[in-house]
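Heads up, work_12.tsv below (TSV, C-alpha atoms):
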```tsv
chain	number	residue	atom	x	y	z
Z	4	MET	CA	-91.76	-4.43	-48.61
Z	5	LYS	CA	-90.80	-8.03	-47.82
Z	6	TYR	CA	-87.11	-7.11	-47.98
Z	7	LEU	CA	-87.63	-4.37	-45.38
Z	8	LEU	CA	-88.99	-6.99	-43.00
Z	9	MET	CA	-85.95	-9.26	-43.24
Z	10	ILE	CA	-83.81	-7.41	-40.70
Z	11	PRO	CA	-86.43	-7.10	-37.93
Z	12	ARG	CA	-87.46	-10.73	-38.51
Z	13	ALA	CA	-83.87	-11.89	-38.17
Z	14	LEU	CA	-83.24	-9.76	-35.09
Z	15	TRP	CA	-86.37	-11.03	-33.36
Z	16	LYS	CA	-85.53	-14.67	-34.18
Z	17	LEU	CA	-82.01	-14.14	-32.90
Z	18	TRP	CA	-83.41	-12.82	-29.62
Z	19	PHE	CA	-85.85	-15.76	-29.42
Z	20	VAL	CA	-83.00	-18.24	-29.89
Z	21	LEU	CA	-80.77	-16.47	-27.36
Z	22	ASN	CA	-83.61	-16.32	-24.85
Z	23	PHE	CA	-84.23	-20.03	-25.40
Z	24	VAL	CA	-80.58	-21.08	-25.04
Z	25	ILE	CA	-79.77	-18.86	-22.04
Z	26	THR	CA	-82.83	-19.89	-20.03
Z	27	LEU	CA	-82.35	-23.56	-20.92
Z	28	LEU	CA	-78.76	-23.42	-19.69
Z	29	LEU	CA	-79.94	-21.85	-16.44
Z	30	LEU	CA	-82.66	-24.46	-15.95
Z	31	TYR	CA	-80.62	-27.41	-17.23
Z	32	PRO	CA	-79.32	-28.54	-13.80
Z	33	ALA	CA	-82.87	-28.55	-12.42
Z	34	PHE	CA	-84.13	-30.55	-15.40
Z	35	LEU	CA	-81.22	-32.95	-15.06
Z	36	ILE	CA	-82.14	-33.65	-11.44
Z	37	LEU	CA	-85.92	-33.82	-11.92
Z	38	LEU	CA	-85.59	-36.15	-14.88
Z	39	SER	CA	-83.23	-38.54	-13.13
Z	40	ARG	CA	-86.21	-40.36	-11.57
Z	41	GLU	CA	-89.56	-41.04	-13.14
Z	42	LYS	CA	-91.41	-40.15	-9.93
Z	43	TRP	CA	-90.16	-36.56	-10.37
Z	44	PHE	CA	-91.33	-36.21	-13.99
Z	45	SER	CA	-94.47	-34.34	-12.93
Z	46	ARG	CA	-92.27	-31.70	-11.30
Z	47	ALA	CA	-90.20	-31.46	-14.46
Z	48	PHE	CA	-93.45	-30.91	-16.36
Z	49	TRP	CA	-94.39	-28.11	-13.94
Z	50	LEU	CA	-90.99	-26.49	-14.57
Z	51	MET	CA	-91.47	-26.95	-18.30
Z	52	ARG	CA	-94.75	-25.01	-18.13
Z	53	ILE	CA	-93.05	-22.12	-16.34
Z	54	TRP	CA	-90.23	-22.11	-18.87
Z	55	ALA	CA	-92.70	-22.18	-21.79
Z	56	LYS	CA	-94.50	-19.12	-20.43
Z	57	TRP	CA	-91.20	-17.33	-19.97
Z	58	LEU	CA	-90.18	-18.11	-23.55
Z	59	CYS	CA	-93.42	-16.58	-24.78
Z	60	TYR	CA	-93.49	-13.42	-22.72
Z	61	GLY	CA	-89.72	-12.96	-22.93
Z	62	ALA	CA	-90.01	-12.82	-26.73
Z	63	GLY	CA	-93.03	-10.53	-26.74
Z	64	ILE	CA	-95.45	-13.36	-27.52
Z	65	ILE	CA	-98.77	-13.07	-25.68
Z	66	PRO	CA	-100.64	-16.39	-25.45
Z	67	ILE	CA	-104.43	-16.31	-25.26
Z	68	VAL	CA	-105.87	-19.72	-24.50
Z	69	LYS	CA	-109.60	-20.47	-24.48
Z	70	TYR	CA	-111.30	-23.66	-23.36
Z	71	GLU	CA	-114.53	-25.27	-24.49
Z	72	ILE	CA	-114.20	-27.62	-21.52
Z	73	ASP	CA	-113.38	-26.90	-17.91
Z	74	PRO	CA	-109.58	-27.26	-17.62
Z	75	LYS	CA	-110.15	-28.99	-14.27
Z	76	ARG	CA	-112.27	-31.63	-16.04
Z	77	ILE	CA	-109.84	-32.61	-18.78
Z	78	PRO	CA	-110.03	-36.42	-18.93
Z	79	SER	CA	-106.97	-38.35	-17.85
Z	80	PRO	CA	-105.58	-40.25	-19.51
Z	81	CYS	CA	-106.42	-38.90	-22.94
Z	82	ILE	CA	-104.73	-38.15	-26.24
Z	83	PHE	CA	-104.17	-34.50	-27.10
Z	84	ILE	CA	-103.88	-33.65	-30.79
Z	85	SER	CA	-103.44	-30.38	-32.67
Z	86	ASN	CA	-102.54	-28.85	-35.99
Z	87	HIS	CA	-98.79	-28.38	-36.46
Z	88	THR	CA	-97.49	-25.24	-38.17
Z	89	SER	CA	-94.51	-24.09	-36.10
Z	90	TYR	CA	-91.94	-25.14	-33.52
Z	91	LEU	CA	-93.81	-22.70	-31.32
Z	92	ASP	CA	-96.58	-25.33	-31.15
Z	93	ILE	CA	-94.51	-27.30	-28.64
Z	94	VAL	CA	-94.06	-24.25	-26.41
Z	95	LEU	CA	-97.72	-23.29	-26.56
Z	96	SER	CA	-98.77	-26.88	-25.83
Z	97	TYR	CA	-97.20	-26.59	-22.38
Z	98	VAL	CA	-98.89	-23.23	-21.88
Z	99	SER	CA	-102.29	-24.58	-22.95
Z	100	VAL	CA	-102.45	-27.93	-21.18
Z	101	PRO	CA	-102.32	-27.81	-17.37
Z	102	ASN	CA	-102.25	-31.61	-16.93
Z	103	TYR	CA	-99.17	-33.79	-17.22
Z	104	PHE	CA	-98.68	-35.30	-20.65
Z	105	VAL	CA	-96.02	-37.06	-22.68
Z	106	PHE	CA	-95.02	-35.77	-26.11
Z	107	VAL	CA	-94.45	-38.02	-29.11
Z	108	GLY	CA	-91.78	-36.18	-31.11
Z	109	LYS	CA	-89.49	-36.82	-34.03
Z	110	GLN	CA	-86.20	-38.63	-33.57
Z	111	GLU	CA	-84.14	-35.65	-34.75
Z	112	LEU	CA	-84.63	-33.99	-31.35
Z	113	ASP	CA	-82.37	-36.64	-29.87
Z	114	LYS	CA	-79.43	-35.11	-31.75
Z	115	ALA	CA	-79.67	-31.84	-29.79
Z	116	PRO	CA	-77.73	-32.33	-26.53
Z	117	LEU	CA	-79.80	-29.85	-24.52
Z	118	PHE	CA	-83.10	-31.18	-25.85
Z	119	ARG	CA	-82.43	-34.85	-25.41
Z	120	VAL	CA	-82.37	-34.72	-21.61
Z	121	PHE	CA	-86.15	-34.35	-21.41
Z	122	PHE	CA	-87.27	-35.49	-24.85
Z	123	LYS	CA	-85.50	-38.80	-24.46
Z	124	ARG	CA	-86.24	-39.43	-20.79
Z	125	MET	CA	-89.72	-38.01	-20.24
Z	126	ASN	CA	-91.15	-38.06	-23.76
Z	127	ILE	CA	-91.20	-40.48	-26.69
Z	128	LEU	CA	-89.03	-40.09	-29.77
Z	129	VAL	CA	-89.88	-41.80	-33.03
Z	130	ASN	CA	-88.22	-42.21	-36.41
Z	131	ARG	CA	-91.31	-42.07	-38.63
Z	132	LYS	CA	-89.36	-43.44	-41.59
Z	133	SER	CA	-88.88	-46.72	-39.75
Z	134	ASN	CA	-91.89	-49.01	-39.36
Z	135	VAL	CA	-90.13	-50.86	-36.55
Z	136	ASP	CA	-89.38	-47.65	-34.64
Z	137	SER	CA	-92.90	-46.31	-35.24
Z	138	HIS	CA	-94.34	-49.52	-33.80
Z	139	ARG	CA	-92.02	-49.30	-30.81
Z	140	ALA	CA	-93.14	-45.72	-30.16
Z	141	TYR	CA	-96.78	-46.83	-30.50
Z	142	LEU	CA	-96.30	-49.54	-27.87
Z	143	HIS	CA	-94.43	-47.11	-25.62
Z	144	SER	CA	-97.29	-44.60	-25.92
Z	145	GLY	CA	-99.74	-47.34	-24.97
Z	146	GLU	CA	-97.67	-48.14	-21.88
Z	147	LYS	CA	-97.82	-44.49	-20.83
Z	148	ILE	CA	-101.60	-44.49	-21.18
Z	149	ASP	CA	-101.80	-47.72	-19.15
Z	150	LYS	CA	-99.97	-45.84	-16.39
Z	151	GLY	CA	-102.63	-43.13	-16.50
Z	152	GLN	CA	-100.53	-40.61	-18.42
Z	153	SER	CA	-101.89	-38.57	-21.32
Z	154	VAL	CA	-100.08	-38.41	-24.66
Z	155	PHE	CA	-99.73	-35.43	-27.03
Z	156	ILE	CA	-99.39	-36.24	-30.74
Z	157	PHE	CA	-99.26	-34.06	-33.85
Z	158	PRO	CA	-101.23	-36.20	-36.36
Z	159	GLU	CA	-99.70	-34.42	-39.36
Z	160	ALA	CA	-96.33	-35.76	-38.19
Z	161	THR	CA	-94.53	-32.78	-39.71
Z	162	ILE	CA	-94.77	-28.99	-39.77
Z	163	SER	CA	-97.01	-27.34	-42.33
Z	164	SER	CA	-95.27	-24.00	-42.81
Z	165	SER	CA	-98.16	-22.45	-44.74
Z	166	GLY	CA	-100.62	-22.71	-41.87
Z	167	ASN	CA	-102.74	-25.13	-43.92
Z	168	MET	CA	-103.29	-28.61	-42.57
Z	169	ILE	CA	-101.93	-31.64	-44.36
Z	170	PRO	CA	-103.37	-35.20	-44.15
Z	171	PHE	CA	-103.44	-36.81	-40.73
Z	172	LYS	CA	-101.64	-40.05	-39.94
Z	173	ASN	CA	-103.54	-42.90	-38.29
Z	174	GLY	CA	-101.40	-43.44	-35.18
Z	175	ALA	CA	-103.09	-41.12	-32.68
Z	176	PHE	CA	-106.56	-42.38	-33.58
Z	177	LYS	CA	-105.65	-46.06	-33.58
Z	178	LEU	CA	-104.07	-45.58	-30.17
Z	179	ALA	CA	-107.19	-43.85	-28.86
Z	180	ILE	CA	-109.40	-46.68	-30.11
Z	181	ASP	CA	-107.15	-49.47	-28.89
Z	182	LYS	CA	-106.92	-47.93	-25.42
Z	183	GLN	CA	-110.53	-46.62	-25.45
Z	184	VAL	CA	-109.41	-43.19	-24.26
Z	185	PRO	CA	-110.89	-39.84	-25.34
Z	186	ILE	CA	-109.24	-37.39	-27.72
Z	187	VAL	CA	-108.90	-33.72	-26.83
Z	188	PRO	CA	-108.27	-31.53	-29.92
Z	189	ILE	CA	-106.39	-28.25	-29.60
Z	190	VAL	CA	-106.18	-25.58	-32.29
Z	191	PHE	CA	-103.24	-23.19	-32.75
Z	192	TYR	CA	-104.24	-20.23	-34.91
Z	193	ASP	CA	-101.26	-17.90	-35.12
Z	194	ASN	CA	-98.06	-19.80	-34.36
Z	195	TRP	CA	-96.94	-19.96	-37.99
Z	196	LYS	CA	-97.43	-16.19	-38.26
Z	197	ARG	CA	-95.19	-15.59	-35.22
Z	198	LEU	CA	-92.49	-18.21	-35.88
Z	199	GLN	CA	-92.74	-19.84	-39.28
Z	200	ASN	CA	-90.65	-22.79	-40.31
Z	201	GLY	CA	-88.37	-21.79	-43.18
Z	202	GLY	CA	-85.66	-19.29	-44.06
Z	203	PHE	CA	-84.17	-17.27	-41.21
Z	204	PHE	CA	-84.70	-14.00	-43.10
Z	205	THR	CA	-87.72	-14.82	-45.26
Z	206	ALA	CA	-90.04	-16.83	-42.98
Z	207	ASN	CA	-92.37	-15.08	-40.55
Z	208	GLY	CA	-90.91	-14.04	-37.23
Z	209	SER	CA	-92.33	-11.39	-34.91
Z	210	PRO	CA	-93.77	-10.77	-31.45
Z	211	GLY	CA	-97.53	-10.60	-31.04
Z	212	ILE	CA	-100.58	-12.53	-29.88
Z	213	VAL	CA	-100.86	-16.29	-30.33
Z	214	ARG	CA	-104.28	-17.87	-29.84
Z	215	ALA	CA	-105.09	-21.43	-28.86
Z	216	ARG	CA	-108.37	-23.17	-28.15
Z	217	MET	CA	-108.97	-26.49	-26.47
Z	218	LEU	CA	-112.04	-28.00	-28.12
Z	219	SER	CA	-114.64	-30.38	-26.74
Z	220	VAL	CA	-113.68	-33.95	-25.92
Z	221	VAL	CA	-114.28	-36.66	-28.53
Z	222	HIS	CA	-114.95	-40.03	-26.92
Z	223	THR	CA	-113.88	-43.36	-28.40
Z	224	LYS	CA	-115.63	-45.72	-26.00
Z	225	GLY	CA	-117.02	-48.66	-27.95
Z	226	MET	CA	-115.18	-47.80	-31.17
Z	227	THR	CA	-113.30	-50.44	-33.15
Z	228	ASN	CA	-110.74	-50.34	-35.95
Z	229	ALA	CA	-113.64	-50.00	-38.39
Z	230	ASP	CA	-114.13	-46.50	-36.94
Z	231	LEU	CA	-110.49	-45.48	-37.42
Z	232	ILE	CA	-110.74	-43.52	-40.69
Z	233	PRO	CA	-114.07	-41.83	-39.85
Z	234	LEU	CA	-112.65	-40.81	-36.46
Z	235	ARG	CA	-109.50	-39.42	-38.06
Z	236	GLU	CA	-111.43	-37.40	-40.61
Z	237	LYS	CA	-113.92	-36.21	-37.99
Z	238	LEU	CA	-111.12	-34.76	-35.84
Z	239	LYS	CA	-109.41	-33.21	-38.85
Z	240	GLY	CA	-112.71	-31.60	-39.82
Z	241	ILE	CA	-113.29	-30.26	-36.30
Z	242	ILE	CA	-109.88	-28.58	-36.24
Z	243	GLN	CA	-110.24	-27.29	-39.80
Z	244	GLU	CA	-113.64	-25.80	-39.03
Z	245	SER	CA	-112.24	-23.97	-36.01
Z	246	LEU	CA	-109.32	-22.65	-38.06
Z	247	THR	CA	-111.64	-21.19	-40.69
Z	248	GLN	CA	-114.02	-19.48	-38.29
Z	249	PRO	CA	-113.55	-15.70	-38.56
Z	250	LYS	CA	-113.27	-14.99	-34.85
Z	251	GLN	CA	-111.90	-17.03	-31.98
```

Would you kindly transcribe this structure into structure tokens?
Amino acid sequence: MKYLLMIPRALWKLWFVLNFVITLLLLYPAFLILLSREKWFSRAFWLMRIWAKWLCYGAGIIPIVKYEIDPKRIPSPCIFISNHTSYLDIVLSYVSVPNYFVFVGKQELDKAPLFRVFFKRMNILVNRKSNVDSHRAYLHSGEKIDKGQSVFIFPEATISSSGNMIPFKNGAFKLAIDKQVPIVPIVFYDNWKRLQNGGFFTANGSPGIVRARMLSVVHTKGMTNADLIPLREKLKGIIQESLTQPKQ
């Protein structure tokens, strides 16, 4: 049965990639202009949200986003975190979060010419294998928060292709404590089923529904570094519990 699925998976992924590349090329001049000045970054973010929705619906992906908090009352600045199981997580992040935020992403994105225009200028790239670069990205993230901008971080720091969470890194939680800003957890339930990281023919790839839920805010006011590990494990447990609930 799995061999019968290889062709439709590959065809759908090919269409997803073509849809991505064609629309990015069409929007590239607009991104280039909007990202030429920092004061226009919020407009680039608005365009990014439109593009993300187009990528979903254009590929037959129907996002369903639910909120445990009023989207109009999302604290700003804050740190958004989520589980990370697919490259589709990035797309759905822009669909799910209406407020401007800055992504912290891996350095490899800088090697893609079309990606680097907004990942290098508007967002923060980090080489997690380098302690020096990780510290630089940490300081840069803190500067963004000081400017009143929210930051989005995947605490797992890499994609878990199985849909199961792997241990969280400390960075997002240390940053939240140091800056005394709240954390807003988001859960992605189906992204790895729609677009799984792995072989082009063997990994999951299909249209369908993708669900996301923005969970309640976790405050860090008054916390110190002694609370770092408990905070990290608390957030991991909150996301894990939501993932294992039968209905969302």

For Trp57 (chain Z), the nearest of the candidates Z:Leu14, Z:Thr26, Z:Ser164, Z:Pro170, counting all atoms listed in the file |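 Among Z:Leu14, Z:Thr26, Z:Ser164, Z:Pro170, it is Z:Thr26 that comes nearest to Trp57 (chain Z).
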
Which one of Z:Met125, Z:Ile53, Z:Ile169, Z:Leu17 sits closest to Leu38 (chain Z) if you count all atoms listed in the file?
->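 Residue with the minimum atom-to-atom distance to Leu38 (chain Z): Z:Met125.
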
Mind checking which residues fall within 9 Å of Pro185 (chain Z), counting all atoms listed in the file, ignoring those fewer than 6 positions away in the same chain, and posting them as number ranges by chain?
-> Z: 78-83, 179, 220-224

Just write the chosen residues, C-alpha atoms, as a PDB file, in the coordinates of the input.
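The new file selection.pdb reads:
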```
ATOM      1  CA  PRO Z  78    -110.030 -36.420 -18.930  1.00  0.00           C
ATOM      2  CA  SER Z  79    -106.970 -38.350 -17.850  1.00  0.00           C
ATOM      3  CA  PRO Z  80    -105.580 -40.250 -19.510  1.00  0.00           C
ATOM      4  CA  CYS Z  81    -106.420 -38.900 -22.940  1.00  0.00           C
ATOM      5  CA  ILE Z  82    -104.730 -38.150 -26.240  1.00  0.00           C
ATOM      6  CA  PHE Z  83    -104.170 -34.500 -27.100  1.00  0.00           C
ATOM      7  CA  ALA Z 179    -107.190 -43.850 -28.860  1.00  0.00           C
ATOM      8  CA  VAL Z 220    -113.680 -33.950 -25.920  1.00  0.00           C
ATOM      9  CA  VAL Z 221    -114.280 -36.660 -28.530  1.00  0.00           C
ATOM     10  CA  HIS Z 222    -114.950 -40.030 -26.920  1.00  0.00           C
ATOM     11  CA  THR Z 223    -113.880 -43.360 -28.400  1.00  0.00           C
ATOM     12  CA  LYS Z 224    -115.630 -45.720 -26.000  1.00  0.00           C
TER      13      LYS Z 224
END
```

Atomic distance CA of Thr205 (chain Z) - CA of Ser165 (chain Z), expressed in Å with one decimal = 12.9 Å

For Pro101 (chain Z), which residue among Z:Asp230, Z:Glu236, Z:Asp73, Z:Glu146 is the nearest when counting all atoms listed in the file?
-> Z:Asp73

Best match for closeness to Ala206 (chain Z) among Z:Ser89, Z:Gln183, Z:Ser144, Z:Asn167, counting only C-alpha atoms |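 Nearest candidate to Ala206 (chain Z) out of Z:Ser89, Z:Gln183, Z:Ser144, Z:Asn167: Z:Ser89.
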
For Lys172 (chain Z): contacts at 12 Å, all atoms listed in the file, fewer than 3 positions along chain excluded, given as a ChimeraX atom specification | /Z:84,86,131,137,156-161,168-169,175-178,231-232,234-236,238-239

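For the residues Z:Ala55, Z:Val94, Z:Ile127, Z:Val184, ranking by smallest atom-to-atom distance to Phe106 (chain Z) using all atoms listed in the file places Z:Ile127 first.
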
Using all atoms listed in the file, find the one residue out of Z:Thr88, Z:Asn207, Z:Lys132, Z:Ser245 that sits nearest to Ile10 (chain Z).
->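 That would be Z:Asn207, the residue with the smallest distance to Ile10 (chain Z).
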
Pairwise distance for CA of Phe191 (chain Z) and CA of Asn22 (chain Z), rounded to one decimal in Å | 22.2 Å

Hey, can you check how far CA of Tyr141 (chain Z) sits from CA of Val100 (chain Z)?
->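 Taking CA of Tyr141 (chain Z) and CA of Val100 (chain Z), their separation equals 21.8 Å.
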
Tell me which protein, DNA and RNA residues are within 10 Å of region 59-67 of chain Z, counting all atoms listed in the file, leaving out same-chain ones fewer than 6 positions away, and put them as a PDB file with C-alpha atoms, keeping the file's coordinate frame.
```pdb
ATOM      1  CA  TRP Z  15     -86.370 -11.030 -33.360  1.00  0.00           C
ATOM      2  CA  LYS Z  16     -85.530 -14.670 -34.180  1.00  0.00           C
ATOM      3  CA  TRP Z  18     -83.410 -12.820 -29.620  1.00  0.00           C
ATOM      4  CA  PHE Z  19     -85.850 -15.760 -29.420  1.00  0.00           C
ATOM      5  CA  VAL Z  20     -83.000 -18.240 -29.890  1.00  0.00           C
ATOM      6  CA  LEU Z  21     -80.770 -16.470 -27.360  1.00  0.00           C
ATOM      7  CA  ASN Z  22     -83.610 -16.320 -24.850  1.00  0.00           C
ATOM      8  CA  PHE Z  23     -84.230 -20.030 -25.400  1.00  0.00           C
ATOM      9  CA  LEU Z  91     -93.810 -22.700 -31.320  1.00  0.00           C
ATOM     10  CA  VAL Z  94     -94.060 -24.250 -26.410  1.00  0.00           C
ATOM     11  CA  LEU Z  95     -97.720 -23.290 -26.560  1.00  0.00           C
ATOM     12  CA  VAL Z  98     -98.890 -23.230 -21.880  1.00  0.00           C
ATOM     13  CA  SER Z  99    -102.290 -24.580 -22.950  1.00  0.00           C
ATOM     14  CA  ASP Z 193    -101.260 -17.900 -35.120  1.00  0.00           C
ATOM     15  CA  ASN Z 194     -98.060 -19.800 -34.360  1.00  0.00           C
ATOM     16  CA  ARG Z 197     -95.190 -15.590 -35.220  1.00  0.00           C
ATOM     17  CA  SER Z 209     -92.330 -11.390 -34.910  1.00  0.00           C
ATOM     18  CA  PRO Z 210     -93.770 -10.770 -31.450  1.00  0.00           C
ATOM     19  CA  GLY Z 211     -97.530 -10.600 -31.040  1.00  0.00           C
ATOM     20  CA  ILE Z 212    -100.580 -12.530 -29.880  1.00  0.00           C
ATOM     21  CA  VAL Z 213    -100.860 -16.290 -30.330  1.00  0.00           C
ATOM     22  CA  ARG Z 214    -104.280 -17.870 -29.840  1.00  0.00           C
ATOM     23  CA  ALA Z 215    -105.090 -21.430 -28.860  1.00  0.00           C
ATOM     24  CA  ARG Z 216    -108.370 -23.170 -28.150  1.00  0.00           C
TER      25      ARG Z 216
END
```

Near Asn130 (chain Z), within 10 Å and counting all atoms listed in the file, which residues show up once chain neighbours fewer than 5 positions away are dropped, as a PyMOL selection string?
-> chain Z and resi 108-111+135-140

Would you pick out the contacts of Arg40 (chain Z) at 12 Å or less, using only C-alpha atoms, so that residues sharing its chain but fewer than 5 positions from it are not included, and give the list as an mmCIF file with C-alpha atoms, in the frame of the given file?
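Writing the result to selection39.cif gives the following:
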```cif
data_model
loop_
_atom_site.group_PDB
_atom_site.id
_atom_site.type_symbol
_atom_site.label_atom_id
_atom_site.label_comp_id
_atom_site.auth_asym_id
_atom_site.auth_seq_id
_atom_site.Cartn_x
_atom_site.Cartn_y
_atom_site.Cartn_z
ATOM 1 C CA PHE Z 34 -84.130 -30.550 -15.400
ATOM 2 C CA LEU Z 35 -81.220 -32.950 -15.060
ATOM 3 C CA SER Z 45 -94.470 -34.340 -12.930
ATOM 4 C CA ARG Z 46 -92.270 -31.700 -11.300
ATOM 5 C CA ALA Z 47 -90.200 -31.460 -14.460
ATOM 6 C CA PHE Z 121 -86.150 -34.350 -21.410
ATOM 7 C CA ARG Z 124 -86.240 -39.430 -20.790
ATOM 8 C CA MET Z 125 -89.720 -38.010 -20.240
#
```

Residue list as a compact mmCIF listing (two decimals) with C-alpha atoms, in the coordinates of the input for point (-98.7, -38.1, -20.8), cut-off 7 Å, all atoms listed in the file:
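Result saved to part-v3.txt:
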```txt
# COMPACT_ATOMS: atom_id res chain seq x y z
CA TYR Z 103 -99.17 -33.79 -17.22
CA PHE Z 104 -98.68 -35.30 -20.65
CA VAL Z 105 -96.02 -37.06 -22.68
CA PHE Z 106 -95.02 -35.77 -26.11
CA LYS Z 147 -97.82 -44.49 -20.83
CA GLN Z 152 -100.53 -40.61 -18.42
CA SER Z 153 -101.89 -38.57 -21.32
CA VAL Z 154 -100.08 -38.41 -24.66
CA PHE Z 155 -99.73 -35.43 -27.03
```

Could you pull region 58-74 of chain Z out of the structure I just pasted and write it to a file containing N, CA and C atoms, as a compact mmCIF listing (two decimals), in the first residue's frame?
```
# COMPACT_ATOMS: atom_id res chain seq x y z
N LEU Z 58 -0.26 29.85 0.22
CA LEU Z 58 0.47 28.59 0.13
C LEU Z 58 -0.37 27.43 0.65
N CYS Z 59 -1.10 27.68 1.72
CA CYS Z 59 -1.94 26.63 2.29
C CYS Z 59 -3.09 26.28 1.35
N TYR Z 60 -3.91 27.25 1.05
CA TYR Z 60 -5.11 26.98 0.25
C TYR Z 60 -4.75 26.57 -1.18
N GLY Z 61 -3.65 27.13 -1.70
CA GLY Z 61 -3.23 26.77 -3.05
C GLY Z 61 -2.79 25.32 -3.17
N ALA Z 62 -2.38 24.72 -2.04
CA ALA Z 62 -1.94 23.33 -2.03
C ALA Z 62 -3.01 22.40 -1.46
N GLY Z 63 -4.20 22.94 -1.24
CA GLY Z 63 -5.29 22.11 -0.71
C GLY Z 63 -5.18 21.87 0.78
N ILE Z 64 -4.44 22.73 1.47
CA ILE Z 64 -4.28 22.61 2.92
C ILE Z 64 -5.24 23.60 3.59
N ILE Z 65 -6.10 23.10 4.45
CA ILE Z 65 -7.10 23.94 5.11
C ILE Z 65 -6.71 24.14 6.57
N PRO Z 66 -6.23 25.34 6.92
CA PRO Z 66 -5.85 25.59 8.31
C PRO Z 66 -7.06 25.88 9.20
N ILE Z 67 -7.10 25.25 10.35
CA ILE Z 67 -8.12 25.53 11.36
C ILE Z 67 -7.38 25.93 12.64
N VAL Z 68 -7.51 27.18 13.00
CA VAL Z 68 -6.78 27.71 14.15
C VAL Z 68 -7.77 28.08 15.25
N LYS Z 69 -7.51 27.57 16.45
CA LYS Z 69 -8.34 27.89 17.61
C LYS Z 69 -7.49 28.61 18.65
N TYR Z 70 -8.17 29.44 19.43
CA TYR Z 70 -7.45 30.28 20.41
C TYR Z 70 -8.06 30.11 21.79
N GLU Z 71 -7.21 29.88 22.78
CA GLU Z 71 -7.65 29.87 24.17
C GLU Z 71 -7.60 31.27 24.77
N ILE Z 72 -7.01 32.20 24.02
CA ILE Z 72 -6.99 33.60 24.43
C ILE Z 72 -7.53 34.44 23.29
N ASP Z 73 -8.04 35.59 23.60
CA ASP Z 73 -8.53 36.50 22.57
C ASP Z 73 -7.34 36.96 21.72
N PRO Z 74 -7.38 36.71 20.41
CA PRO Z 74 -6.25 37.12 19.55
C PRO Z 74 -5.92 38.61 19.67
```
